[in-house]
$ cat coords05.txt   # compact mmCIF, C-alpha atoms
# COMPACT_ATOMS: atom_id res chain seq x y z
CA MET A 1 -129.96 -51.26 15.16
CA SER A 2 -130.58 -50.34 11.53
CA GLN A 3 -127.98 -50.94 8.87
CA CYS A 4 -125.98 -48.26 7.14
CA THR A 5 -127.69 -47.12 3.98
CA GLU A 6 -124.38 -46.73 2.18
CA PRO A 7 -121.82 -49.21 3.55
CA GLY A 8 -119.03 -47.61 1.54
CA LEU A 9 -119.57 -44.36 3.38
CA GLY A 10 -120.25 -46.16 6.64
CA ASP A 11 -116.63 -47.34 6.63
CA LEU A 12 -115.58 -43.74 7.15
CA LEU A 13 -117.31 -43.66 10.52
CA HIS A 14 -114.39 -43.74 12.91
CA ALA A 15 -112.15 -41.79 10.57
CA TYR A 16 -114.77 -39.06 10.65
CA GLU A 17 -114.95 -39.17 14.43
CA LEU A 18 -111.19 -38.81 14.67
CA ARG A 19 -111.26 -36.02 12.05
CA LEU A 20 -109.07 -38.04 9.74
CA LEU A 21 -111.16 -37.42 6.65
CA SER A 22 -110.42 -34.78 4.08
CA GLU A 23 -112.75 -31.79 3.98
CA GLU A 24 -114.58 -33.24 1.00
CA ASP A 25 -114.99 -36.70 2.49
CA GLY A 26 -115.96 -35.18 5.82
CA ARG A 27 -118.77 -33.25 4.18
CA ARG A 28 -119.88 -36.32 2.28
CA PHE A 29 -120.08 -38.26 5.50
CA GLU A 30 -121.87 -35.47 7.31
CA TYR A 31 -124.41 -35.28 4.54
CA HIS A 32 -124.73 -39.05 4.69
CA MET A 33 -125.45 -38.81 8.40
CA LEU A 34 -128.45 -36.61 7.72
CA THR A 35 -130.26 -39.54 6.24
CA CYS A 36 -128.54 -42.60 7.71
CA GLU A 37 -129.93 -43.54 11.10
CA HIS A 38 -127.22 -46.10 11.73
CA CYS A 39 -124.28 -43.76 11.27
CA PHE A 40 -125.99 -40.87 13.02
CA ASN A 41 -126.79 -42.99 16.06
CA ALA A 42 -123.32 -44.50 16.08
CA VAL A 43 -121.59 -41.13 15.99
CA GLU A 44 -123.95 -39.64 18.53
CA GLU A 45 -123.57 -42.58 20.88
CA PHE A 46 -119.82 -42.44 20.65
CA GLU A 47 -119.59 -38.66 20.75
CA GLN A 48 -118.39 -38.35 24.32
CA THR A 49 -115.82 -41.11 23.86
CA THR A 50 -114.62 -39.50 20.64
CA ARG A 51 -114.14 -36.21 22.42
CA LEU A 52 -112.18 -37.93 25.16
CA ILE A 53 -109.98 -39.80 22.67
CA ARG A 54 -108.94 -36.44 21.29
CA ASP A 55 -108.44 -35.04 24.76
CA GLU A 56 -104.93 -33.88 25.52
CA GLU A 57 -104.82 -35.61 28.87
CA VAL A 58 -105.72 -38.97 27.36
CA LYS A 59 -103.20 -38.48 24.61
CA GLU A 60 -100.46 -37.66 27.07
CA GLU A 61 -101.22 -40.73 29.12
CA LEU A 62 -101.19 -42.99 26.10
CA THR A 63 -97.99 -41.60 24.64
CA ALA A 64 -96.17 -41.49 27.98
CA ASP A 65 -95.27 -45.15 28.00
CA TYR A 66 -96.15 -46.19 24.49
CA HIS A 67 -93.68 -49.04 24.31
CA SER A 68 -94.68 -50.58 27.61
CA TRP A 69 -98.32 -51.15 26.80
CA SER A 70 -98.27 -51.39 23.03
CA GLN A 71 -96.73 -54.82 23.12
CA GLU A 72 -97.68 -58.09 24.72
CA ALA A 73 -95.33 -59.49 27.32
CA PRO A 74 -92.72 -61.30 25.23
CA SER A 75 -91.95 -64.96 25.74
CA LEU A 76 -88.53 -66.10 26.90
CA LEU A 77 -87.66 -67.13 23.37
CA THR A 78 -88.67 -63.72 22.09
CA LYS A 79 -86.63 -62.05 24.82
CA LEU A 80 -83.61 -64.13 23.88
CA TRP A 81 -84.04 -63.33 20.23
CA ARG A 82 -84.42 -59.61 20.97
CA TYR A 83 -81.28 -59.80 23.05
CA LEU A 84 -79.39 -61.50 20.27
CA TRP A 85 -80.88 -59.44 17.48
CA PRO A 86 -82.12 -56.12 18.87
CA LYS A 87 -84.19 -53.83 16.77
CA SER A 88 -82.77 -50.72 15.28
CA PRO A 89 -83.24 -47.61 17.40
CA GLU A 90 -86.75 -46.26 17.11
CA LYS A 91 -87.38 -42.60 16.85
CA TYR A 92 -89.95 -42.29 19.59
CA PRO A 93 -92.23 -40.42 20.21
CA ASP A 94 -92.58 -39.75 16.51
CA PRO A 95 -94.34 -43.01 15.71
CA GLY A 96 -94.72 -42.34 12.02
CA ALA A 97 -91.03 -42.13 11.35
CA VAL A 98 -90.41 -45.63 12.62
CA TYR A 99 -92.39 -47.24 9.88
CA SER A 100 -91.44 -44.93 7.07
CA PRO A 101 -90.73 -47.14 4.09
CA GLY A 102 -87.41 -46.35 2.49
CA VAL A 103 -86.23 -44.05 5.24
CA PRO A 104 -82.87 -45.31 6.43
CA TYR A 105 -82.30 -45.58 10.11
CA PRO A 106 -79.06 -46.48 11.80
CA SER A 107 -79.14 -50.16 12.55
CA TYR A 108 -76.97 -52.27 14.77
CA PHE A 109 -74.46 -53.71 12.35
CA PHE A 110 -72.67 -55.59 15.10
CA LYS A 111 -75.70 -57.21 16.62
CA PRO A 112 -74.78 -59.77 19.27
CA LEU A 113 -75.83 -62.79 17.25
CA PHE A 114 -73.87 -61.53 14.29
CA LEU A 115 -70.87 -61.06 16.53
CA TYR A 116 -71.19 -64.58 17.90
CA LEU A 117 -71.34 -65.95 14.38
CA VAL A 118 -68.23 -64.01 13.41
CA ILE A 119 -66.44 -65.28 16.50
CA ILE A 120 -67.43 -68.88 15.73
CA PHE A 121 -66.40 -68.41 12.13
CA LEU A 122 -62.97 -67.23 13.25
CA MET A 123 -62.63 -69.84 15.97
CA ILE A 124 -62.87 -72.79 13.60
CA PRO A 125 -59.66 -72.10 11.66
CA ALA A 126 -58.02 -70.91 14.86
CA TYR A 127 -58.83 -74.24 16.51
CA PHE A 128 -57.45 -76.28 13.65
CA GLY A 129 -54.42 -74.05 13.45
CA ALA A 130 -53.74 -74.58 17.13
CA ILE A 131 -54.14 -78.33 16.74
CA TYR A 132 -51.72 -78.27 13.83
CA LEU A 133 -49.19 -76.31 15.81
CA VAL A 134 -49.39 -78.67 18.76
CA ARG A 135 -49.27 -81.82 16.73
CA GLY A 136 -46.78 -80.52 14.19
CA THR A 137 -44.09 -79.31 16.53
CA GLY A 138 -44.48 -79.99 20.16
CA ARG A 139 -46.26 -83.27 20.45
CA ILE A 140 -44.24 -86.40 21.37
CA ARG A 141 -45.47 -89.30 19.31
CA PRO A 142 -44.67 -92.95 19.86
CA VAL A 143 -42.36 -94.47 17.30
CA GLN A 144 -40.93 -97.90 16.66
CA THR A 145 -37.19 -97.93 16.83
CA ILE A 146 -34.61 -100.07 15.18
CA SER A 147 -30.88 -99.83 15.64
CA LEU A 148 -28.83 -100.59 12.57
CA LEU A 149 -25.35 -101.96 12.64
CA CYS A 150 -23.49 -102.88 9.56
CA THR A 151 -22.79 -106.29 10.98
CA ARG A 152 -26.31 -107.06 12.14
CA THR A 153 -28.48 -109.34 10.08
CA ILE A 154 -31.48 -107.95 8.34
CA ALA A 155 -33.86 -110.08 10.38
CA ASP A 156 -33.07 -108.04 13.45
CA ASN A 157 -33.78 -104.72 11.73
CA THR A 158 -37.47 -104.86 11.08
CA LEU A 159 -40.15 -102.20 11.14
CA VAL A 160 -43.80 -103.23 11.36
CA ARG A 161 -46.08 -101.22 9.13
CA GLY A 162 -49.24 -102.51 10.81
CA SER A 163 -48.30 -100.80 14.05
CA GLY A 164 -49.24 -97.45 12.49
CA LEU A 165 -46.15 -95.78 13.97
CA ASP A 166 -43.35 -93.89 12.33
CA GLY A 167 -40.03 -95.64 12.38
CA ALA A 168 -37.06 -94.17 14.23
CA ILE A 169 -33.91 -95.54 12.66
CA ARG A 170 -30.78 -95.32 14.72
CA PHE A 171 -27.51 -96.20 13.08
CA GLU A 172 -23.87 -96.21 14.02
CA PHE A 173 -21.50 -94.05 12.02
CA PRO A 174 -18.22 -94.17 13.96
CA ASP A 175 -16.36 -91.53 12.00
CA ALA A 176 -19.08 -88.96 12.14
CA VAL A 177 -17.90 -85.42 12.76
CA SER A 178 -20.21 -83.12 14.60
CA GLY A 179 -21.43 -80.25 12.48
CA ARG A 180 -20.57 -81.89 9.16
CA ARG A 181 -23.26 -82.52 6.59
CA TYR A 182 -23.86 -86.06 5.39
CA GLN A 183 -26.06 -87.58 2.78
CA ALA A 184 -28.60 -90.16 3.92
CA VAL A 185 -30.63 -92.07 1.39
CA ILE A 186 -33.19 -94.78 2.00
CA SER A 187 -33.82 -96.80 -1.11
CA ALA A 188 -35.93 -99.81 -1.89
CA GLU A 189 -34.69 -103.13 -3.22
CA ASP A 190 -35.00 -101.93 -6.80
CA SER A 191 -32.83 -98.89 -5.98
CA THR A 192 -35.81 -96.49 -5.92
CA GLU A 193 -35.10 -93.66 -3.52
CA ILE A 194 -37.71 -93.38 -0.83
CA VAL A 195 -36.10 -90.76 1.38
CA ARG A 196 -33.16 -88.57 0.54
CA ILE A 197 -31.58 -86.15 2.98
CA ASP A 198 -28.55 -84.27 1.64
CA ASN A 199 -27.77 -82.29 4.77
CA PHE A 200 -28.10 -84.89 7.44
CA SER A 201 -26.27 -84.00 10.63
CA ASN A 202 -28.32 -85.53 13.40
CA PHE A 203 -25.46 -87.37 15.13
CA ASP A 204 -24.79 -87.49 18.81
CA GLN A 205 -21.40 -87.32 20.45
CA PHE A 206 -20.94 -91.09 20.07
CA GLY A 207 -21.53 -91.07 16.37
CA ILE A 208 -25.04 -92.46 16.56
CA GLY A 209 -27.33 -90.97 14.00
CA GLU A 210 -31.11 -91.01 14.05
CA LEU A 211 -33.67 -90.31 11.40
CA ILE A 212 -37.40 -90.78 11.10
CA PHE A 213 -38.93 -92.94 8.45
CA PRO A 214 -42.55 -91.77 8.11
CA HIS A 215 -45.26 -94.37 8.36
CA ARG A 216 -47.01 -93.08 5.25
CA LEU A 217 -43.96 -94.07 3.16
CA MET A 218 -43.72 -97.55 4.59
CA LYS A 219 -44.36 -100.45 2.27
CA PRO A 220 -43.42 -104.05 3.01
CA GLY A 221 -40.05 -104.96 1.53
CA ARG A 222 -36.33 -104.73 1.93
CA TYR A 223 -34.62 -101.35 2.21
CA ARG A 224 -31.18 -99.96 2.39
CA LEU A 225 -29.96 -96.93 4.26
CA ILE A 226 -26.86 -95.45 2.69
CA VAL A 227 -25.03 -92.76 4.63
CA THR A 228 -22.28 -90.97 2.77
CA ASP A 229 -19.74 -88.41 3.94
CA THR A 230 -19.70 -86.29 0.76
CA ALA A 231 -17.03 -83.97 2.13
CA ALA A 232 -14.48 -86.75 2.29
CA GLY A 233 -13.13 -86.18 -1.23
CA VAL A 234 -12.54 -88.71 -3.94
CA THR A 235 -13.15 -91.75 -1.71
CA PRO A 236 -16.10 -90.80 0.34
CA ASN A 237 -16.78 -92.52 3.61
CA ARG A 238 -19.84 -94.56 2.82
CA ARG A 239 -21.81 -97.06 4.92
CA VAL A 240 -24.73 -99.20 4.01
CA TYR A 241 -27.30 -100.59 6.41
CA GLN A 242 -30.14 -102.92 5.65
CA PHE A 243 -33.53 -103.20 7.20
CA MET A 244 -36.89 -104.63 6.41
CA ILE A 245 -40.49 -103.55 6.65
CA ILE A 246 -43.14 -106.16 7.20
CA GLU A 247 -46.87 -105.88 7.21
CA MET B 1 -138.21 -20.91 17.83
CA LEU B 2 -136.39 -24.13 18.53
CA SER B 3 -137.60 -26.67 21.04
CA LYS B 4 -135.60 -28.36 23.77
CA ARG B 5 -135.22 -31.35 21.53
CA GLN B 6 -133.12 -29.49 19.04
CA THR B 7 -130.02 -31.52 19.81
CA GLU B 8 -131.79 -34.84 19.95
CA SER B 9 -132.34 -37.07 17.01
CA ILE B 10 -135.67 -38.40 15.89
CA ASP B 11 -135.32 -41.94 14.71
CA GLY B 12 -137.01 -43.49 11.74
CA MET B 13 -137.47 -40.50 9.48
CA ASN B 14 -136.67 -41.27 5.90
CA LEU B 15 -136.30 -38.95 2.94
CA ASN B 16 -139.91 -39.31 1.90
CA GLU B 17 -141.12 -38.34 5.34
CA ILE B 18 -138.79 -35.37 5.40
CA TYR B 19 -140.06 -34.23 2.03
CA LEU B 20 -143.65 -34.67 3.18
CA LEU B 21 -142.98 -32.65 6.33
CA LEU B 22 -141.31 -29.99 4.21
CA GLN B 23 -144.35 -29.72 1.97
CA GLN B 24 -146.69 -29.55 4.97
CA ALA B 25 -144.51 -26.92 6.66
CA LYS B 26 -144.46 -24.82 3.52
CA ALA B 27 -148.24 -25.08 3.42
CA GLY B 28 -148.42 -23.63 6.93
CA ASP B 29 -148.56 -26.71 9.17
CA VAL B 30 -146.82 -25.56 12.36
CA SER B 31 -146.52 -29.01 13.96
CA ALA B 32 -144.91 -30.41 10.80
CA GLU B 33 -142.55 -27.47 10.76
CA ASN B 34 -141.56 -28.03 14.40
CA ARG B 35 -141.03 -31.72 13.79
CA LEU B 36 -138.94 -31.07 10.73
CA PHE B 37 -136.73 -28.55 12.49
CA ASP B 38 -136.38 -30.73 15.56
CA HIS B 39 -135.09 -33.47 13.32
CA LEU B 40 -132.74 -31.22 11.41
CA SER B 41 -131.31 -29.48 14.43
CA GLY B 42 -130.58 -32.83 16.03
CA ARG B 43 -128.81 -34.04 12.91
CA PHE B 44 -126.85 -30.90 12.26
CA GLY B 45 -126.09 -30.36 15.93
CA LEU B 46 -124.10 -33.58 16.02
CA PHE B 47 -121.69 -32.73 13.25
CA LEU B 48 -121.34 -29.21 14.62
CA ARG B 49 -120.38 -30.63 17.99
CA ILE B 50 -117.90 -32.97 16.34
CA ARG B 51 -116.34 -30.10 14.45
CA THR B 52 -116.29 -27.48 17.17
CA ARG B 53 -115.81 -29.88 20.11
CA ASP B 54 -117.98 -27.59 22.20
CA ALA B 55 -121.67 -28.22 22.78
CA GLU B 56 -122.46 -24.58 23.58
CA ILE B 57 -120.79 -23.24 20.47
CA ALA B 58 -122.39 -25.97 18.37
CA ARG B 59 -125.80 -25.05 19.76
CA ASP B 60 -125.25 -21.38 18.95
CA ILE B 61 -124.22 -22.14 15.40
CA ALA B 62 -127.15 -24.55 14.98
CA GLN B 63 -129.59 -21.95 16.23
CA GLU B 64 -128.19 -19.33 13.91
CA ALA B 65 -128.32 -21.70 10.95
CA CYS B 66 -131.83 -22.87 11.78
CA ALA B 67 -132.98 -19.29 12.04
CA THR B 68 -131.66 -18.63 8.54
CA ILE B 69 -133.26 -21.79 7.21
CA PHE B 70 -136.52 -20.98 8.95
CA ALA B 71 -136.57 -17.56 7.38
CA LYS B 72 -135.72 -18.65 3.85
CA TYR B 73 -136.99 -22.14 3.23
CA LYS B 74 -140.48 -21.07 2.20
CA ALA B 75 -139.09 -18.89 -0.53
CA GLU B 76 -136.99 -21.71 -1.96
CA SER B 77 -138.27 -24.46 -4.18
CA PHE B 78 -137.08 -27.99 -3.59
CA SER B 79 -137.76 -30.86 -5.92
CA SER B 80 -136.71 -33.48 -3.37
CA ALA B 81 -135.74 -33.99 0.24
CA GLU B 82 -132.09 -34.37 -0.80
CA GLY B 83 -132.12 -30.92 -2.31
CA PHE B 84 -133.56 -29.43 0.84
CA LEU B 85 -131.07 -31.26 3.06
CA MET B 86 -128.14 -30.21 0.91
CA TRP B 87 -129.29 -26.62 1.02
CA ALA B 88 -129.69 -26.71 4.79
CA PHE B 89 -126.35 -28.45 5.12
CA ARG B 90 -124.63 -25.70 3.14
CA ILE B 91 -126.16 -23.05 5.37
CA HIS B 92 -124.78 -24.85 8.40
CA LEU B 93 -121.36 -25.09 6.79
CA MET B 94 -121.50 -21.41 5.96
CA LYS B 95 -122.39 -20.52 9.54
CA LEU B 96 -119.65 -22.80 10.78
CA GLY B 97 -117.15 -21.18 8.43
CA ASN B 98 -118.21 -17.74 9.64
CA TYR B 99 -117.68 -18.83 13.20
CA PHE B 100 -114.20 -20.15 12.45
CA LYS B 101 -113.23 -16.94 10.68
CA LYS B 102 -114.47 -14.90 13.57
CA ALA B 103 -112.75 -17.08 16.12
CA THR B 104 -109.49 -16.95 14.21
CA ARG B 105 -109.70 -13.23 13.87
CA GLU B 106 -110.37 -12.77 17.52
CA ARG B 107 -107.77 -15.34 18.52
CA LYS B 108 -110.20 -16.88 20.90
CA ARG B 109 -110.35 -20.30 19.41
CA VAL B 110 -108.72 -21.91 16.44
CA VAL B 111 -110.47 -25.07 15.53
CA SER B 112 -107.57 -26.63 13.71
CA ALA B 113 -105.55 -26.32 16.88
CA ALA B 114 -108.40 -27.83 18.84
CA GLU B 115 -107.37 -31.18 17.47
CA CYS B 116 -105.28 -33.53 19.56
CA GLY B 117 -102.33 -31.20 19.85
CA SER B 118 -103.89 -28.59 22.07
CA ARG B 119 -105.78 -28.28 25.30
CA THR B 120 -109.53 -28.30 25.02
CA THR B 121 -112.06 -26.29 26.92
CA PHE B 122 -113.66 -29.51 28.05
CA HIS B 123 -114.41 -29.44 31.74
CA ALA B 124 -114.38 -32.90 33.20
CA LYS B 125 -117.27 -34.05 35.33
CA SER B 126 -117.10 -36.95 37.69
CA ASP B 127 -118.76 -39.43 35.32
CA GLU B 128 -116.52 -38.25 32.53
CA ILE B 129 -113.47 -38.75 34.70
CA ASP B 130 -114.57 -42.32 35.18
CA LEU B 131 -115.20 -42.71 31.47
CA LYS B 132 -111.80 -41.24 30.75
CA ARG B 133 -110.15 -43.75 33.07
CA ARG B 134 -112.00 -46.64 31.45
CA LEU B 135 -111.27 -45.26 28.01
CA ILE B 136 -107.53 -45.13 28.66
CA ASP B 137 -107.57 -48.70 29.94
CA CYS B 138 -109.61 -49.89 26.99
CA LEU B 139 -107.44 -48.03 24.50
CA LYS B 140 -104.37 -49.70 25.93
CA ARG B 141 -106.02 -53.10 25.63
CA VAL B 142 -107.14 -52.42 22.09
CA PHE B 143 -103.69 -51.16 21.16
CA ARG B 144 -102.17 -54.42 22.35
CA VAL B 145 -104.45 -56.36 20.03
CA ASN B 146 -104.44 -53.83 17.21
CA GLN B 147 -101.12 -52.04 17.30
CA ARG B 148 -101.79 -50.39 13.97
CA TYR B 149 -104.69 -48.51 15.54
CA GLY B 150 -102.37 -47.21 18.23
CA ARG B 151 -99.90 -45.99 15.65
CA ILE B 152 -102.60 -44.30 13.62
CA LEU B 153 -103.98 -42.57 16.67
CA LEU B 154 -100.59 -41.40 17.83
CA MET B 155 -99.65 -40.18 14.39
CA LYS B 156 -102.92 -38.30 14.21
CA CYS B 157 -102.16 -36.71 17.55
CA HIS B 158 -98.74 -35.71 16.28
CA GLY B 159 -100.38 -33.85 13.45
CA TYR B 160 -100.02 -36.25 10.55
CA SER B 161 -102.63 -36.05 7.83
CA THR B 162 -104.47 -39.09 6.55
CA ASN B 163 -102.32 -39.23 3.41
CA GLU B 164 -99.14 -39.04 5.45
CA ILE B 165 -100.32 -41.77 7.78
CA CYS B 166 -101.23 -43.98 4.83
CA SER B 167 -97.91 -43.48 3.11
CA ARG B 168 -95.89 -44.01 6.25
CA LEU B 169 -97.76 -47.13 7.27
CA GLY B 170 -97.96 -48.37 3.70
CA LEU B 171 -101.73 -48.58 3.77
CA ARG B 172 -104.44 -47.73 1.31
CA PRO B 173 -107.04 -45.31 2.71
CA ASN B 174 -109.84 -47.87 2.64
CA ILE B 175 -107.69 -50.28 4.67
CA LEU B 176 -107.03 -47.47 7.12
CA TYR B 177 -110.75 -46.81 7.49
CA THR B 178 -111.51 -50.50 7.96
CA THR B 179 -108.78 -50.77 10.58
CA LEU B 180 -110.22 -47.81 12.42
CA ASN B 181 -113.73 -49.23 12.35
CA ARG B 182 -112.61 -52.60 13.66
CA ALA B 183 -110.71 -50.96 16.46
CA ARG B 184 -113.71 -48.79 17.21
CA ASN B 185 -115.90 -51.87 17.57
CA MET B 186 -113.36 -53.39 19.94
CA LEU B 187 -113.18 -50.19 21.92
CA LYS B 188 -116.94 -49.97 22.14
CA ARG B 189 -117.21 -53.58 23.31
CA CYS B 190 -114.55 -52.92 25.90
CA LEU B 191 -116.29 -49.83 27.18
CA ASP B 192 -119.72 -51.49 27.22
CA ALA B 193 -118.90 -55.00 28.40
CA GLY B 194 -115.38 -54.71 29.71
CA GLU B 195 -113.93 -57.15 27.22
CA ILE B 196 -112.59 -56.91 23.70

$ encode --input "coords05.txt" --output "structure tokens"
Amino acid sequence: MSQCTEPGLGDLLHAYELRLLSEEDGRRFEYHMLTCEHCFNAVEEFEQTTRLIRDEEVKEELTADYHSWSQEAPSLLTKLWRYLWPKSPEKYPDPGAVYSPGVPYPSYFFKPLFLYLVIIFLMIPAYFGAIYLVRGTGRIRPVQTISLLCTRTIADNTLVRGSGLDGAIRFEFPDAVSGRRYQAVISAEDSTEIVRIDNFSNFDQFGIGELIFPHRLMKPGRYRLIVTDTAAGVTPNRRVYQFMIIE
Amino acid sequence: MLSKRQTESIDGMNLNEIYLLLQQAKAGDVSAENRLFDHLSGRFGLFLRIRTRDAEIARDIAQEACATIFAKYKAESFSSAEGFLMWAFRIHLMKLGNYFKKATRERKRVVSAAECGSRTTFHAKSDEIDLKRRLIDCLKRVFRVNQRYGRILLMKCHGYSTNEICSRLGLRPNILYTTLNRARNMLKRCLDAGEI
């Protein structure tokens, strides 16, 4: 087949057949066809098909299920992605409106994937909060216990720092009155206060008190626990216990 | 006045040959005149059929235009074949315009509405029914490969102009034309050989 005499005009071929050219361009192409064998033969050969393309019945059939045949069968990955991130609603059957640049269309703000991400984002602090609640209040942790008596030697009252456990210090305070507030101070050998509790009242009915010495405060050395009944007046009831922390 | 070949094309006639035939026809050569008008009626008949979408109407308009040309061309002076063709082309356009005006006035047929949005007077024959079936299948296959073509075609059928289609698809007109031509080639291959 011969070549188009004016390739620039030859590009208008199918646009002319579909009547997509302006009146001026249509006339130019028609005039071009008078002398161009290639374009004339092409249009003439395709004339019947062109007429059928513009036929109402064909158009109806093509537009009836546009979405079903206009796309290849999606892969599983594509299906998953479309499920997680669906497209915004399309305004079918007006196909031009879908692709209008700058024309806002309602989109799915809460797309499933976005929702999942929000849920995960919220779950992380919720998880750590739950862990904190469980560990901070309700969890029973192992401790190492020593029982202090004023008469006992220091060698018997020893906490081991290397065990990694908090120390539960039980001590006898015979004159303890239930409900009264006492002062409990744990100080190091150089009189530095390590723990100070001004409202200590954790005594049982037998006058046995118990307090926790946190592991993070433990350092090897000698310590003293001084429990004072501050409500006793000028001569407060005061007892001193000694214990030791080793590595 | 016009032969049976009026709607057929005669291949291989260039501008020089047309001008030579024109000169011979003006000098009284009947065979040259017949050959020239056969060629012209075939050429003009095609675009009339494209525009009117009806072979009978196109033939009537072509006959009317050719009769006018036949009656007047000897009195006109043409310096080249292009001039003669342009003159003949204008006469065809004038006849076509007259037909449209008449049809609009009589409300028998409005060509603008004969585009995709309205029913045509096309009566399907059995071979055309088969072609239509194949065409629909092929169009669907082409649309899968070239979705832009599908959108253009649908937008055209919904009455969008070329400028509107270009702006909505974000295309330049020349890209639009190239897209259409590529899709046309695919469609033709599909119809001819059954594969894209």

$ atom_distance --input "coords05.txt" --atom1 "CA of Asn174 in chain B" --atom2 "CA of Asp25 in chain A"
12.3 Å

$ atom_distance --input "coords05.txt" --atom1 "CA of Phe171 in chain A" --atom2 "CA of Ser147 in chain A"
5.6 Å

$ closest_residue --input "coords05.txt" --among "A:Thr49, A:Tyr223, A:Arg19, A:Leu77" --to "Asp127 in chain B" --atoms "all atoms listed in the file"
A:Thr49

$ residues_around --input "coords05.txt" --residues "Val195 in chain A" --least-positions-apart "5" --cutoff "7 Å" --atoms "only C-alpha atoms" --output "list of chain:residue names"
A:Val185, A:Ile186, A:Ser187

$ atom_distance --input "coords05.txt" --atom1 "CA of Lys74 in chain B" --atom2 "CA of Phe44 in chain B"
19.6 Å

$ interface_residues --input "coords05.txt" --of "chain B" --to "chain A" --cutoff "6 Å" --atoms "all atoms listed in the file" --output "list in words"
Arg43, Cys116, Arg119, Phe143, Arg144, Met155, Thr162, Arg168, Leu169, Tyr177, Leu180 and Asn181 of chain B

$ residues_near_point --input "coords05.txt" --point "(-123.2, -22.7, 7.8)" --cutoff "10 Å" --atoms "only C-alpha atoms" --output "NGL selection string"
:B and (48 or 61-62 or 64-66 or 68 or 87-99)
